[in-house]
file run-v7.txt (compact mmCIF, C-alpha atoms and all ligand atoms)
# COMPACT_ATOMS: atom_id res chain seq x y z
CA MET A 44 -11.61 24.18 -5.74
CA THR A 45 -11.53 20.47 -6.61
CA VAL A 46 -9.68 18.51 -3.99
CA THR A 47 -6.63 17.11 -5.74
CA THR A 48 -4.23 14.67 -4.18
CA ARG A 49 -1.23 13.01 -5.67
CA PHE A 50 0.79 9.91 -5.03
CA ALA A 51 4.39 10.62 -5.98
CA PRO A 52 6.58 7.53 -5.95
CA SER A 53 10.10 7.45 -7.30
CA PRO A 54 10.36 4.58 -9.79
CA THR A 55 13.56 3.26 -8.27
CA GLY A 56 11.90 0.12 -6.93
CA LYS A 57 8.56 -1.57 -6.50
CA LEU A 58 5.92 -0.21 -4.19
CA HIS A 59 6.02 -1.64 -0.70
CA VAL A 60 3.26 -1.79 1.84
CA GLY A 61 4.20 1.64 3.27
CA ASN A 62 3.94 3.28 -0.16
CA ILE A 63 0.67 1.48 -0.82
CA ARG A 64 -0.74 2.87 2.40
CA THR A 65 0.24 6.43 1.43
CA ALA A 66 -1.31 5.97 -2.01
CA LEU A 67 -4.46 4.58 -0.42
CA HIS A 68 -4.93 7.52 1.93
CA ASN A 69 -4.44 10.00 -0.90
CA TRP A 70 -6.93 8.06 -2.99
CA MET A 71 -9.50 7.78 -0.19
CA TRP A 72 -9.30 11.44 0.67
CA ALA A 73 -9.79 12.45 -2.96
CA LYS A 74 -12.72 10.03 -3.35
CA LYS A 75 -14.31 11.22 -0.14
CA GLN A 76 -14.18 14.82 -1.35
CA GLY A 77 -15.32 13.98 -4.87
CA GLY A 78 -11.89 15.11 -6.02
CA ARG A 79 -9.06 13.86 -8.17
CA PHE A 80 -6.27 11.43 -7.34
CA LEU A 81 -3.18 11.88 -9.50
CA LEU A 82 -0.12 9.75 -10.00
CA ARG A 83 3.14 11.61 -10.30
CA ILE A 84 6.20 9.64 -11.24
CA ASP A 85 9.13 11.33 -9.48
CA ASP A 86 11.79 10.29 -11.94
CA THR A 87 14.24 13.18 -11.78
CA ASP A 88 16.94 10.73 -10.77
CA GLU A 89 17.50 9.39 -14.26
CA ALA A 90 20.23 6.97 -13.24
CA ARG A 91 18.12 5.16 -10.68
CA SER A 92 14.67 5.38 -12.28
CA GLU A 93 13.57 2.42 -14.35
CA GLU A 94 10.67 1.98 -16.72
CA ARG A 95 9.84 -1.46 -15.38
CA PHE A 96 9.16 0.12 -11.98
CA VAL A 97 6.87 2.73 -13.56
CA GLU A 98 4.94 -0.14 -15.08
CA SER A 99 4.80 -2.11 -11.87
CA ILE A 100 3.55 0.98 -9.97
CA ARG A 101 0.72 1.42 -12.49
CA ALA A 102 -0.10 -2.28 -12.38
CA ASP A 103 -0.17 -2.32 -8.58
CA LEU A 104 -2.51 0.67 -8.42
CA GLY A 105 -4.72 -1.03 -11.00
CA TRP A 106 -4.79 -4.27 -8.98
CA LEU A 107 -5.76 -2.30 -5.89
CA GLY A 108 -8.56 -0.56 -7.78
CA MET A 109 -6.98 2.85 -7.25
CA SER A 110 -6.42 3.90 -10.82
CA PRO A 111 -5.37 7.54 -10.94
CA ASP A 112 -7.38 10.28 -12.62
CA GLY A 113 -4.24 11.49 -14.36
CA GLU A 114 -0.52 10.84 -14.56
CA GLN A 115 2.47 13.16 -14.79
CA ARG A 116 6.16 12.53 -15.01
CA GLN A 117 8.79 14.80 -13.60
CA SER A 118 11.24 13.89 -16.37
CA GLY A 119 8.84 15.66 -18.74
CA HIS A 120 9.06 18.90 -16.76
CA PHE A 121 12.77 19.75 -16.84
CA ASP A 122 12.27 22.91 -18.95
CA ARG A 123 9.77 24.23 -16.48
CA TYR A 124 12.11 23.52 -13.52
CA GLU A 125 14.86 25.36 -15.35
CA ARG A 126 12.70 28.46 -15.78
CA VAL A 127 11.65 28.49 -12.14
CA PHE A 128 15.26 27.95 -11.14
CA GLU A 129 16.31 31.06 -13.08
CA GLN A 130 13.41 33.04 -11.62
CA LEU A 131 14.32 32.14 -8.03
CA ARG A 132 17.97 32.64 -8.69
CA SER A 133 17.41 36.16 -10.05
CA ALA A 134 15.29 36.86 -6.99
CA GLY A 135 18.19 35.80 -4.78
CA ARG A 136 16.34 32.76 -3.41
CA ILE A 137 18.73 30.25 -4.92
CA TYR A 138 22.50 30.51 -4.54
CA PRO A 139 25.52 28.51 -5.62
CA CYS A 140 27.68 26.68 -3.06
CA TYR A 141 31.07 25.09 -3.53
CA GLU A 142 31.78 23.17 -0.35
CA THR A 143 32.73 19.55 -0.78
CA PRO A 144 30.86 16.86 1.16
CA GLN A 145 33.96 16.50 3.37
CA GLU A 146 33.98 20.21 4.19
CA LEU A 147 30.30 20.15 5.02
CA ASP A 148 30.77 17.13 7.18
CA LEU A 149 33.56 18.83 9.06
CA LYS A 150 31.44 21.95 9.63
CA ARG A 151 28.67 19.78 11.01
CA LYS A 152 31.01 17.98 13.35
CA VAL A 153 32.48 21.20 14.68
CA LEU A 154 29.01 22.58 15.45
CA LEU A 155 27.86 19.37 17.07
CA GLY A 156 31.10 19.28 19.07
CA ARG A 157 30.19 22.69 20.47
CA GLY A 158 26.71 21.48 21.30
CA LEU A 159 25.18 23.57 18.51
CA PRO A 160 22.62 22.46 15.92
CA PRO A 161 24.41 21.49 12.66
CA ILE A 162 22.90 24.24 10.52
CA TYR A 163 24.62 25.27 7.29
CA ASP A 164 26.47 28.54 7.95
CA ARG A 165 25.68 30.15 4.57
CA ALA A 166 29.36 30.71 3.92
CA ALA A 167 28.64 30.52 0.19
CA LEU A 168 26.38 33.56 0.43
CA LYS A 169 29.40 35.60 1.44
CA LEU A 170 31.35 34.77 -1.70
CA SER A 171 31.93 37.74 -4.00
CA GLU A 172 31.41 37.62 -7.76
CA ALA A 173 35.19 37.51 -8.09
CA ASP A 174 35.43 34.51 -5.69
CA ARG A 175 32.86 32.65 -7.76
CA ARG A 176 34.64 33.42 -11.01
CA LYS A 177 37.84 32.13 -9.53
CA LEU A 178 36.16 28.91 -8.34
CA ALA A 179 34.60 28.44 -11.76
CA SER A 180 37.91 28.99 -13.53
CA ASP A 181 39.44 26.37 -11.20
CA GLY A 182 36.89 23.98 -12.67
CA LYS A 183 34.67 23.95 -9.55
CA ARG A 184 30.99 23.44 -10.23
CA PRO A 185 28.44 24.56 -7.69
CA HIS A 186 25.57 22.81 -6.06
CA TRP A 187 22.61 25.04 -5.28
CA ARG A 188 20.72 25.91 -2.14
CA PHE A 189 17.36 27.52 -1.59
CA ARG A 190 17.72 30.52 0.74
CA LEU A 191 15.16 30.31 3.50
CA ASP A 192 13.58 33.55 4.62
CA HIS A 193 14.61 33.78 8.26
CA ASP A 194 12.12 36.54 8.95
CA THR A 195 9.03 34.56 8.06
CA PRO A 196 8.13 31.88 10.57
CA ILE A 197 6.98 28.61 9.06
CA GLU A 198 3.58 27.48 10.22
CA TRP A 199 0.92 25.13 9.05
CA SER A 200 -1.98 23.30 10.50
CA ASP A 201 -1.34 19.66 9.78
CA ARG A 202 -4.45 17.54 9.32
CA ILE A 203 -2.92 14.83 11.50
CA ARG A 204 -0.24 16.49 13.62
CA GLY A 205 -2.07 19.72 14.38
CA ASP A 206 -0.36 23.13 14.46
CA GLN A 207 3.25 23.04 13.35
CA HIS A 208 5.84 25.78 13.87
CA PHE A 209 9.38 25.94 12.58
CA ASP A 210 11.90 28.70 13.02
CA PRO A 211 13.57 28.94 9.60
CA ALA A 212 16.77 30.19 11.24
CA LEU A 213 17.10 26.76 12.82
CA LEU A 214 16.98 24.99 9.44
CA SER A 215 19.74 24.62 6.89
CA ASP A 216 19.09 26.14 3.49
CA PRO A 217 18.24 22.98 1.57
CA VAL A 218 20.30 21.80 -1.36
CA ILE A 219 17.98 21.65 -4.34
CA ARG A 220 20.35 20.87 -7.18
CA ARG A 221 23.60 18.92 -7.45
CA GLU A 222 26.91 19.75 -9.12
CA ASP A 223 25.90 17.74 -12.18
CA GLU A 224 22.70 19.87 -12.42
CA SER A 225 20.46 16.98 -11.43
CA TRP A 226 17.53 17.87 -9.19
CA LEU A 227 16.89 16.90 -5.65
CA TYR A 228 13.30 16.15 -4.87
CA LEU A 229 12.31 19.31 -2.97
CA LEU A 230 11.83 22.04 -5.56
CA PRO A 231 10.50 20.00 -8.51
CA SER A 232 7.87 18.58 -6.18
CA VAL A 233 6.70 22.07 -5.21
CA ILE A 234 6.62 23.25 -8.84
CA ASP A 235 4.56 20.22 -9.83
CA ASP A 236 2.22 20.49 -6.88
CA ILE A 237 1.47 24.04 -8.02
CA ASP A 238 1.11 23.12 -11.70
CA MET A 239 -1.01 20.06 -10.98
CA GLY A 240 -3.33 22.04 -8.72
CA VAL A 241 -2.61 19.79 -5.76
CA THR A 242 -4.70 20.88 -2.80
CA ASP A 243 -3.78 18.16 -0.32
CA VAL A 244 -0.51 16.38 0.31
CA VAL A 245 -0.69 13.19 2.34
CA ARG A 246 2.64 11.57 3.11
CA GLY A 247 4.74 10.01 5.84
CA GLU A 248 5.96 11.99 8.81
CA ASP A 249 9.52 11.49 7.58
CA HIS A 250 8.66 14.40 5.27
CA VAL A 251 7.75 16.92 7.99
CA SER A 252 11.01 18.84 7.77
CA ASN A 253 10.78 18.81 3.96
CA THR A 254 7.37 20.38 4.29
CA ALA A 255 8.81 23.16 6.42
CA VAL A 256 11.20 24.24 3.67
CA GLN A 257 8.75 23.50 0.87
CA ILE A 258 6.23 25.89 2.42
CA GLN A 259 8.73 28.68 1.87
CA MET A 260 9.21 27.52 -1.71
CA PHE A 261 5.48 27.79 -2.36
CA GLU A 262 5.57 31.28 -0.89
CA ALA A 263 8.61 32.24 -2.98
CA LEU A 264 6.60 31.20 -6.04
CA ASP A 265 3.57 33.21 -4.92
CA ALA A 266 1.49 30.08 -4.52
CA ALA A 267 -0.63 29.06 -1.56
CA PRO A 268 0.77 25.84 -0.07
CA PRO A 269 -1.54 22.82 -0.14
CA ALA A 270 -2.95 21.36 3.07
CA PHE A 271 -0.64 18.75 4.58
CA ALA A 272 -1.30 15.52 6.45
CA HIS A 273 1.75 13.66 7.73
CA GLU A 274 0.99 10.20 8.92
CA ALA A 275 2.93 8.17 11.44
CA LEU A 276 4.99 5.50 9.76
CA LEU A 277 4.24 1.84 9.51
CA THR A 278 6.02 -0.67 11.72
CA GLY A 279 6.11 -4.43 11.77
CA VAL A 280 4.69 -6.52 14.62
CA GLU A 281 7.96 -6.30 16.47
CA GLY A 282 7.28 -2.59 16.79
CA LYS A 283 10.27 -1.50 14.76
CA LEU A 284 10.60 -0.21 11.26
CA SER A 285 11.41 -3.56 9.79
CA LYS A 286 13.38 -4.38 6.70
CA ARG A 287 10.76 -6.94 5.87
CA LEU A 288 8.06 -4.30 5.39
CA GLY A 289 10.19 -2.66 2.74
CA SER A 290 10.18 -5.87 0.76
CA LEU A 291 6.45 -6.59 0.97
CA GLY A 292 4.74 -5.44 -2.18
CA ALA A 293 1.62 -6.17 -4.19
CA GLU A 294 3.27 -9.10 -5.93
CA HIS A 295 4.03 -10.80 -2.63
CA PHE A 296 0.48 -10.31 -1.40
CA ARG A 297 -0.99 -11.56 -4.66
CA GLU A 298 1.16 -14.68 -4.46
CA GLU A 299 -0.01 -15.24 -0.89
CA GLY A 300 -3.62 -15.13 -2.08
CA ILE A 301 -4.33 -11.80 -0.40
CA GLU A 302 -7.20 -9.93 -2.01
CA PRO A 303 -6.64 -6.24 -2.76
CA GLN A 304 -9.78 -5.54 -0.73
CA ALA A 305 -8.14 -7.10 2.35
CA LEU A 306 -5.05 -4.98 1.99
CA ILE A 307 -7.20 -1.91 1.58
CA ALA A 308 -9.42 -2.72 4.55
CA LEU A 309 -6.37 -3.18 6.76
CA LEU A 310 -4.27 -0.25 5.55
CA ALA A 311 -7.25 2.09 5.68
CA ARG A 312 -7.66 1.53 9.39
CA ILE A 313 -4.40 0.60 11.13
CA GLY A 314 -2.97 3.56 12.98
CA THR A 315 -6.43 5.09 13.32
CA SER A 316 -9.05 4.93 16.06
CA ASP A 317 -11.44 3.08 13.70
CA PRO A 318 -11.56 -0.71 14.01
CA VAL A 319 -10.24 -2.95 11.26
CA GLU A 320 -13.31 -4.48 9.66
CA PRO A 321 -13.78 -7.01 6.87
CA VAL A 322 -15.31 -4.99 4.07
CA ALA A 323 -15.02 -6.03 0.47
CA ASP A 324 -16.12 -2.64 -0.83
CA PRO A 325 -14.12 0.52 -0.16
CA ALA A 326 -17.19 2.79 -0.04
CA PRO A 327 -17.81 2.48 3.72
CA LEU A 328 -14.10 2.92 4.39
CA ILE A 329 -14.03 6.08 2.32
CA GLU A 330 -17.19 7.31 4.00
CA ARG A 331 -15.62 7.03 7.45
CA PHE A 332 -12.15 8.19 6.43
CA ASP A 333 -11.05 11.15 8.53
CA PHE A 334 -7.57 12.44 9.33
CA ALA A 335 -8.85 13.32 12.80
CA HIS A 336 -9.03 9.57 13.48
CA PHE A 337 -5.31 9.09 12.83
CA GLY A 338 -3.07 8.57 15.83
CA ARG A 339 0.45 9.84 16.29
CA ALA A 340 1.84 6.42 17.20
CA PRO A 341 3.21 4.21 14.43
CA ALA A 342 0.69 2.00 12.65
CA ARG A 343 1.38 -1.67 13.29
CA PHE A 344 1.23 -3.92 10.25
CA ASP A 345 0.67 -7.56 11.08
CA GLU A 346 0.70 -10.09 8.24
CA GLU A 347 -1.22 -12.58 10.36
CA GLU A 348 -3.98 -10.02 10.90
CA LEU A 349 -4.01 -9.48 7.13
CA ARG A 350 -4.40 -13.22 6.49
CA MET A 351 -7.32 -13.46 8.91
CA LEU A 352 -8.97 -10.39 7.45
CA ASN A 353 -8.41 -11.81 3.99
CA ALA A 354 -10.28 -14.99 4.89
CA LYS A 355 -13.25 -12.98 6.14
CA ILE A 356 -13.26 -10.93 2.96
CA VAL A 357 -13.04 -14.02 0.75
CA HIS A 358 -16.21 -15.25 2.50
CA LEU A 359 -17.95 -12.06 1.41
CA LEU A 360 -17.01 -12.17 -2.26
CA ASP A 361 -19.83 -12.99 -4.63
CA PHE A 362 -19.32 -15.48 -7.42
CA ASP A 363 -19.21 -12.77 -10.09
CA ARG A 364 -16.22 -11.14 -8.44
CA VAL A 365 -14.13 -14.30 -8.42
CA ALA A 366 -15.51 -16.35 -11.32
CA ALA A 367 -12.57 -15.61 -13.62
CA ARG A 368 -10.16 -17.02 -11.06
CA LEU A 369 -12.07 -20.22 -10.33
CA PRO A 370 -11.37 -23.57 -11.98
CA ASP A 371 -13.18 -24.24 -15.27
CA GLY A 372 -16.73 -25.33 -14.75
CA MET A 373 -16.98 -24.32 -11.12
CA THR A 374 -20.50 -23.04 -10.52
CA ALA A 375 -21.92 -20.30 -8.31
CA GLU A 376 -23.49 -23.01 -6.10
CA ALA A 377 -20.12 -24.65 -5.65
CA TRP A 378 -18.48 -21.32 -4.81
CA ASP A 379 -21.18 -20.55 -2.27
CA ALA A 380 -20.77 -23.98 -0.71
CA VAL A 381 -17.02 -23.74 -0.25
CA ARG A 382 -16.27 -20.06 0.29
CA PRO A 383 -17.09 -19.99 4.03
CA ASN A 384 -14.20 -22.38 4.44
CA LEU A 385 -11.54 -20.66 2.43
CA MET A 386 -8.55 -18.64 3.52
CA ARG A 387 -7.81 -17.76 -0.10
CA VAL A 388 -9.86 -17.76 -3.32
CA GLU A 389 -7.29 -20.06 -4.93
CA ASP A 390 -8.11 -22.78 -2.39
CA ALA A 391 -11.48 -23.17 -4.10
CA ASP A 392 -9.56 -25.45 -6.49
CA ILE A 393 -9.07 -28.02 -3.78
CA TRP A 394 -12.79 -28.26 -3.09
CA TRP A 395 -13.79 -28.20 -6.73
CA ARG A 396 -11.53 -31.22 -7.22
CA VAL A 397 -13.22 -32.83 -4.23
CA ILE A 398 -16.61 -32.25 -5.82
CA GLU A 399 -15.58 -33.45 -9.25
CA GLY A 400 -13.42 -36.29 -8.00
CA PRO A 401 -11.70 -38.57 -8.04
CA VAL A 402 -10.98 -38.47 -4.32
CA ASP A 403 -8.94 -40.80 -2.22
CA THR A 404 -11.66 -42.95 -0.66
CA GLY A 405 -9.37 -44.95 1.59
CA HIS A 406 -11.14 -45.79 4.83
CA ASP A 407 -10.73 -47.55 8.12
CA PRO A 408 -11.71 -51.26 7.73
CA ALA A 409 -13.75 -50.89 10.90
CA ASP A 410 -16.08 -48.58 8.98
CA ARG A 411 -16.65 -51.00 6.10
CA ASP A 412 -20.12 -52.14 7.08
CA PHE A 413 -21.15 -48.69 8.11
CA LEU A 414 -20.15 -47.27 4.74
CA ALA A 415 -21.86 -50.11 2.89
CA GLN A 416 -25.07 -49.24 4.69
CA ALA A 417 -24.52 -45.60 3.84
CA ALA A 418 -24.12 -46.49 0.16
CA GLU A 419 -27.35 -48.43 0.19
CA LEU A 420 -29.23 -45.63 1.90
CA ALA A 421 -27.75 -43.06 -0.44
CA ALA A 422 -29.19 -44.97 -3.37
CA ASN A 423 -32.66 -44.82 -1.86
CA ILE A 424 -33.07 -41.40 -0.26
CA ASP A 425 -34.73 -38.41 -1.81
CA TRP A 426 -31.95 -36.21 -3.23
CA SER A 427 -34.07 -33.21 -4.00
CA GLY A 428 -34.09 -31.64 -0.54
CA ASP A 429 -31.27 -31.83 1.96
CA PRO A 430 -29.65 -35.20 1.20
CA TRP A 431 -26.93 -34.87 3.85
CA HIS A 432 -29.39 -34.57 6.72
CA THR A 433 -31.65 -37.17 5.21
CA LEU A 434 -28.76 -39.59 4.81
CA THR A 435 -27.17 -39.04 8.22
CA GLY A 436 -30.57 -39.09 9.93
CA ALA A 437 -31.34 -42.46 8.39
CA LEU A 438 -27.86 -43.80 9.17
CA LYS A 439 -28.17 -42.75 12.78
CA GLN A 440 -31.34 -44.79 13.04
CA THR A 441 -30.01 -47.90 11.36
CA THR A 442 -26.49 -47.94 12.85
CA GLY A 443 -26.99 -46.21 16.19
CA ARG A 444 -23.90 -44.10 15.49
CA LYS A 445 -23.87 -40.41 16.30
CA GLY A 446 -21.56 -37.40 16.45
CA ARG A 447 -18.02 -37.90 15.20
CA ALA A 448 -18.40 -41.64 14.68
CA LEU A 449 -21.29 -40.94 12.36
CA PHE A 450 -20.00 -37.92 10.47
CA LEU A 451 -16.25 -38.28 10.21
CA PRO A 452 -16.02 -41.57 8.25
CA LEU A 453 -18.55 -40.17 5.80
CA ARG A 454 -16.71 -36.90 5.37
CA LYS A 455 -13.42 -38.72 4.87
CA VAL A 456 -14.61 -41.15 2.29
CA LEU A 457 -16.69 -38.59 0.43
CA THR A 458 -14.11 -35.80 0.32
CA GLY A 459 -10.74 -37.38 1.08
CA HIS A 460 -10.34 -34.80 3.88
CA ASP A 461 -11.21 -34.89 7.56
CA HIS A 462 -12.34 -31.27 7.62
CA GLY A 463 -13.73 -28.81 5.14
CA PRO A 464 -16.89 -27.08 4.01
CA ASP A 465 -20.27 -27.90 5.42
CA MET A 466 -21.23 -31.35 4.13
CA ALA A 467 -24.85 -30.29 3.75
CA ALA A 468 -23.70 -27.76 1.15
CA LEU A 469 -21.17 -30.07 -0.46
CA LEU A 470 -23.20 -33.26 -0.84
CA PRO A 471 -25.75 -32.01 -3.37
CA LEU A 472 -22.80 -30.86 -5.48
CA ILE A 473 -21.03 -34.20 -5.24
CA GLY A 474 -24.38 -35.66 -6.26
CA ARG A 475 -26.03 -39.03 -6.01
CA GLU A 476 -23.90 -41.08 -8.41
CA ARG A 477 -20.52 -39.96 -7.11
CA THR A 478 -21.68 -40.29 -3.52
CA ILE A 479 -22.77 -43.88 -4.01
CA ALA A 480 -19.57 -44.74 -5.84
CA ARG A 481 -17.37 -43.21 -3.14
CA LEU A 482 -19.25 -44.96 -0.34
CA GLN A 483 -19.06 -48.36 -1.94
CA PRO A 484 -16.37 -50.44 -0.27
N1 LIG B 501 9.03 11.06 -4.43
C1 LIG B 501 8.87 11.43 -3.05
C2 LIG B 501 9.02 10.20 -2.20
O1 LIG B 501 8.77 9.10 -2.69
C3 LIG B 501 7.52 12.06 -2.86
C4 LIG B 501 7.25 12.56 -1.51
C5 LIG B 501 6.00 13.41 -1.51
O2 LIG B 501 4.92 12.84 -1.39
O3 LIG B 501 6.11 14.61 -1.67
O4 LIG B 501 9.41 10.27 -1.06

call {"tool": "encode", "arguments": {"input": "run-v7.txt", "output": "structure tokens", "more": "lines below"}}
Ligand code: GLU
result
Amino acid sequence: MTVTTRFAPSPTGKLHVGNIRTALHNWMWAKKQGGRFLLRIDDTDEARSEERFVESIRADLGWLGMSPDGEQRQSGHFDRYERVFEQLRSAGRIYPCYETPQELDLKRKVLLGRGLPPIYDRAALKLSEADRRKLASDGKRPHWRFRLDHDTPIEWSDRIRGDQHFDPALLSDPVIRREDESWLYLLPSVIDDIDMGVTDVVRGEDHVSNTAVQIQMFEALDAAPPAFAHEALLTGVEGKLSKRLGSLGAEHFREEGIEPQALIALLARIGTSDPVEPVADPAPLIERFDFAHFGRAPARFDEEELRMLNAKIVHLLDFDRVAARLPDGMTAEAWDAVRPNLMRVEDADIWWRVIEGPVDTGHDPADRDFLAQAAELAANIDWSGDPWHTLTGALKQTTGRKGRALFLPLRKVLTGHDHGPDMAALLPLIGRERTIARLQP
């Protein structure tokens, strides 16, 4: 059976870093197994789903290089849900309930007050046909629950959490459909997972109790449940589930100059026993990906760590991978000269402007003679080899300067900055003419 995973976002907002991580793990697992990674748009909530979010989800996956092998939309499956609903209803696995939210809340409070778990009491199952007719004629519309089978224990071996056991009698029969006939997420997701041939579900551990009831839904539909992996959630540096994380999406990272490869390298490894490593290619990450390496403690997402990792990844990117984003005319040599110094690809602009000029050649008057000598030497040295070492070597001899006093005034007048890429790499790019002109007092 082809391993098939799915990423199933609801298009009610943009993806945030937590969603991206879930998508990534589904994608990596499918790639590792030579399987398929599907996108499923969970848009049963028609009021809250928006097309612009569907588009941004697709665009974000594209930017991350995780384009799905297929896409489905739940809003296209309503007929199918209806048929399954009727099937389960005839089989007595779905039943109508008429309690109001206030009544349910009261029931819960009473149970909790007695120190009992707040499990739905199935009062609606005791209604007679006549009771239901009466409620309907009073204009009451039901919501619908899935009847759990209390005699079949719920068990699965979670790829991350290990063996899981739930006593169905300790769970409430889940509501699967509202009064207005709209669907809650639980049943449509199971129907689609069956129809899409999903073999592996990777999602956050906030879904563990959903999985418990969904396993019985798979069984009620005579389908083998997929394998499940529930990962610990993401937290911010402060160790809490932060609001900020929920607002950090691909757009933010792009604006910050974060490469998709950096985000992938970080999200692939945090929360696992594998070290975070700067790799610009997902292949080695996929190769090593293993649910057995996932810990149970929350994964800590640190934006500063991401920035540092990003810099290391930028240093690894070949010219061809960034050329389209570099300023017009910037050459591979120039990229190679400046990249070891960059935090972000976009900062290559700064150094290309330094190479091309003009630069602010303001200098300390005390360096006037020194720079004049440098200009003269620059006009006479051999530029074909390593002009920076030739020039500074000669200047050291003639002026007696060394270290900072030798290098810094040159760097400043030649680049307009007091730090930056290796001058030996930069000087041949600045070239003889511009060097002489910049050195001239
Ligand atoms: N639409 C659901 C969510 O975003 C999908 C959960 C799942 O992966 O089954 O929470």

call {"tool": "residues_near_ligand", "arguments": {"input": "run-v7.txt", "ligand": "ligand LIG 501 (chain B)", "cutoff": "8 Å", "atoms": "all atoms listed in the file", "output": "list in words"}}
result
Arg49, Phe50, Ala51, Pro52, Ser53, Asn62, Ile84, Asp85, Tyr228, Leu229, Ser232, Val244, Val245, Arg246, Gly247 and His250 of chain A

call {"tool": "closest_atom_pairs", "arguments": {"input": "run-v7.txt", "of": "segment 169-277 of chain A", "to": "segment 329-342 of chain A", "cutoff": "6 Å", "atoms": "all atoms listed in the file", "output": "Markdown table"}}
result
| residue | atom | partner | partner_atom | distance |
| --- | --- | --- | --- | --- |
| A:Arg202 | CA | A:Phe334 | CA | 6.0 |
| A:Ile203 | CA | A:Phe334 | CA | 5.7 |
| A:Ala275 | CA | A:Pro341 | CA | 5.0 |
| A:Leu276 | CA | A:Pro341 | CA | 5.2 |
| A:Leu277 | CA | A:Ala342 | CA | 4.7 |

call {"tool": "closest_residue", "arguments": {"input": "run-v7.txt", "among": "A:Pro217, A:Gly292, A:Gly77, A:Pro144", "to": "Arg165 of chain A", "atoms": "only C-alpha atoms"}}
result
A:Pro217

call {"tool": "axis_aligned_box", "arguments": {"input": "run-v7.txt", "around": "segment 86-93 of chain A", "padding_each_side": "3 Å", "output": "AutoDock Vina command-line options"}}
result
--center_x 16.0 --center_y 7.8 --center_z -12.5 --size_x 14.4 --size_y 16.8 --size_z 9.7

call {"tool": "closest_residue", "arguments": {"input": "run-v7.txt", "among": "A:Arg132, A:Arg204, A:His193, A:Arg382", "to": "Pro464 of chain A", "atoms": "all atoms listed in the file"}}
result
A:Arg382

call {"tool": "residues_around", "arguments": {"input": "run-v7.txt", "residues": "segment 469-482 of chain A", "least_positions_apart": "3", "cutoff": "9 Å", "atoms": "all atoms listed in the file", "output": "PyMOL selection string"}}
result
chain A and resi 376-377+380-381+394+397-404+414-422+426-431+453+456-458+464-466

call {"tool": "closest_atom_pairs", "arguments": {"input": "run-v7.txt", "of": "segment 70-187 of chain A", "to": "segment 307-326 of chain A", "cutoff": "10 Å", "atoms": "only C-alpha atoms", "output": "JSON lines"}}
result
{"residue": "A:Met71", "atom": "CA", "partner": "A:Ala311", "partner_atom": "CA", "distance": 8.5}
{"residue": "A:Lys74", "atom": "CA", "partner": "A:Ala326", "partner_atom": "CA", "distance": 9.1}
{"residue": "A:Lys75", "atom": "CA", "partner": "A:Ala326", "partner_atom": "CA", "distance": 8.9}
{"residue": "A:Leu107", "atom": "CA", "partner": "A:Ile307", "partner_atom": "CA", "distance": 7.6}
{"residue": "A:Gly108", "atom": "CA", "partner": "A:Pro325", "partner_atom": "CA", "distance": 9.5}

call {"tool": "closest_residue", "arguments": {"input": "run-v7.txt", "among": "A:Leu438, A:Ile301, A:Ala467, A:Met109", "to": "Asp412 of chain A", "atoms": "only C-alpha atoms"}}
result
A:Leu438

call {"tool": "atom_distance", "arguments": {"input": "run-v7.txt", "atom1": "atom CA of Arg220 of chain A", "atom2": "atom CA of Gly61 of chain A"}}
result
27.2 Å

call {"tool": "closest_residue", "arguments": {"input": "run-v7.txt", "among": "A:Pro327, A:Arg297, A:Ser200, A:Asp363", "to": "Ala270 of chain A", "atoms": "only C-alpha atoms"}}
result
A:Ser200

call {"tool": "closest_residue", "arguments": {"input": "run-v7.txt", "among": "A:Asp425, A:Glu93, A:Asp390, A:Asp88", "to": "Gly300 of chain A", "atoms": "all atoms listed in the file"}}
result
A:Asp390

call {"tool": "atom_distance", "arguments": {"input": "run-v7.txt", "atom1": "atom CA of Leu288 of chain A", "atom2": "atom CA of Asp103 of chain A"}}
result
16.3 Å

call {"tool": "atom_distance", "arguments": {"input": "run-v7.txt", "atom1": "atom CA of Asn353 of chain A", "atom2": "atom CA of Glu302 of chain A"}}
result
6.4 Å

call {"tool": "residues_around", "arguments": {"input": "run-v7.txt", "residues": "Met239 of chain A", "least_positions_apart": "4", "cutoff": "10 Å", "atoms": "only C-alpha atoms", "output": "ChimeraX atom specification"}}
result
/A:47-49,81,83,113-115,233-235

call {"tool": "closest_residue", "arguments": {"input": "run-v7.txt", "among": "A:Leu159, A:Leu230, A:Ala212, A:Ala173", "to": "Ile137 of chain A", "atoms": "all atoms listed in the file"}}
result
A:Leu230

call {"tool": "residues_around", "arguments": {"input": "run-v7.txt", "residues": "segment 95-98 of chain A", "least_positions_apart": "5", "cutoff": "7 Å", "atoms": "only C-alpha atoms", "output": "compact mmCIF listing (two decimals) with C-alpha atoms, in the frame of the given file"}}
result
# COMPACT_ATOMS: atom_id res chain seq x y z
CA PRO A 54 10.36 4.58 -9.79
CA THR A 55 13.56 3.26 -8.27
CA GLY A 56 11.90 0.12 -6.93
CA LYS A 57 8.56 -1.57 -6.50

call {"tool": "residues_around", "arguments": {"input": "run-v7.txt", "residues": "Ala375 of chain A", "least_positions_apart": "2", "cutoff": "10 Å", "atoms": "only C-alpha atoms", "output": "list in words"}}
result
Asp361, Phe362, Asp363, Val365, Ala366, Gly372, Met373, Ala377, Trp378, Asp379 and Ala380 of chain A
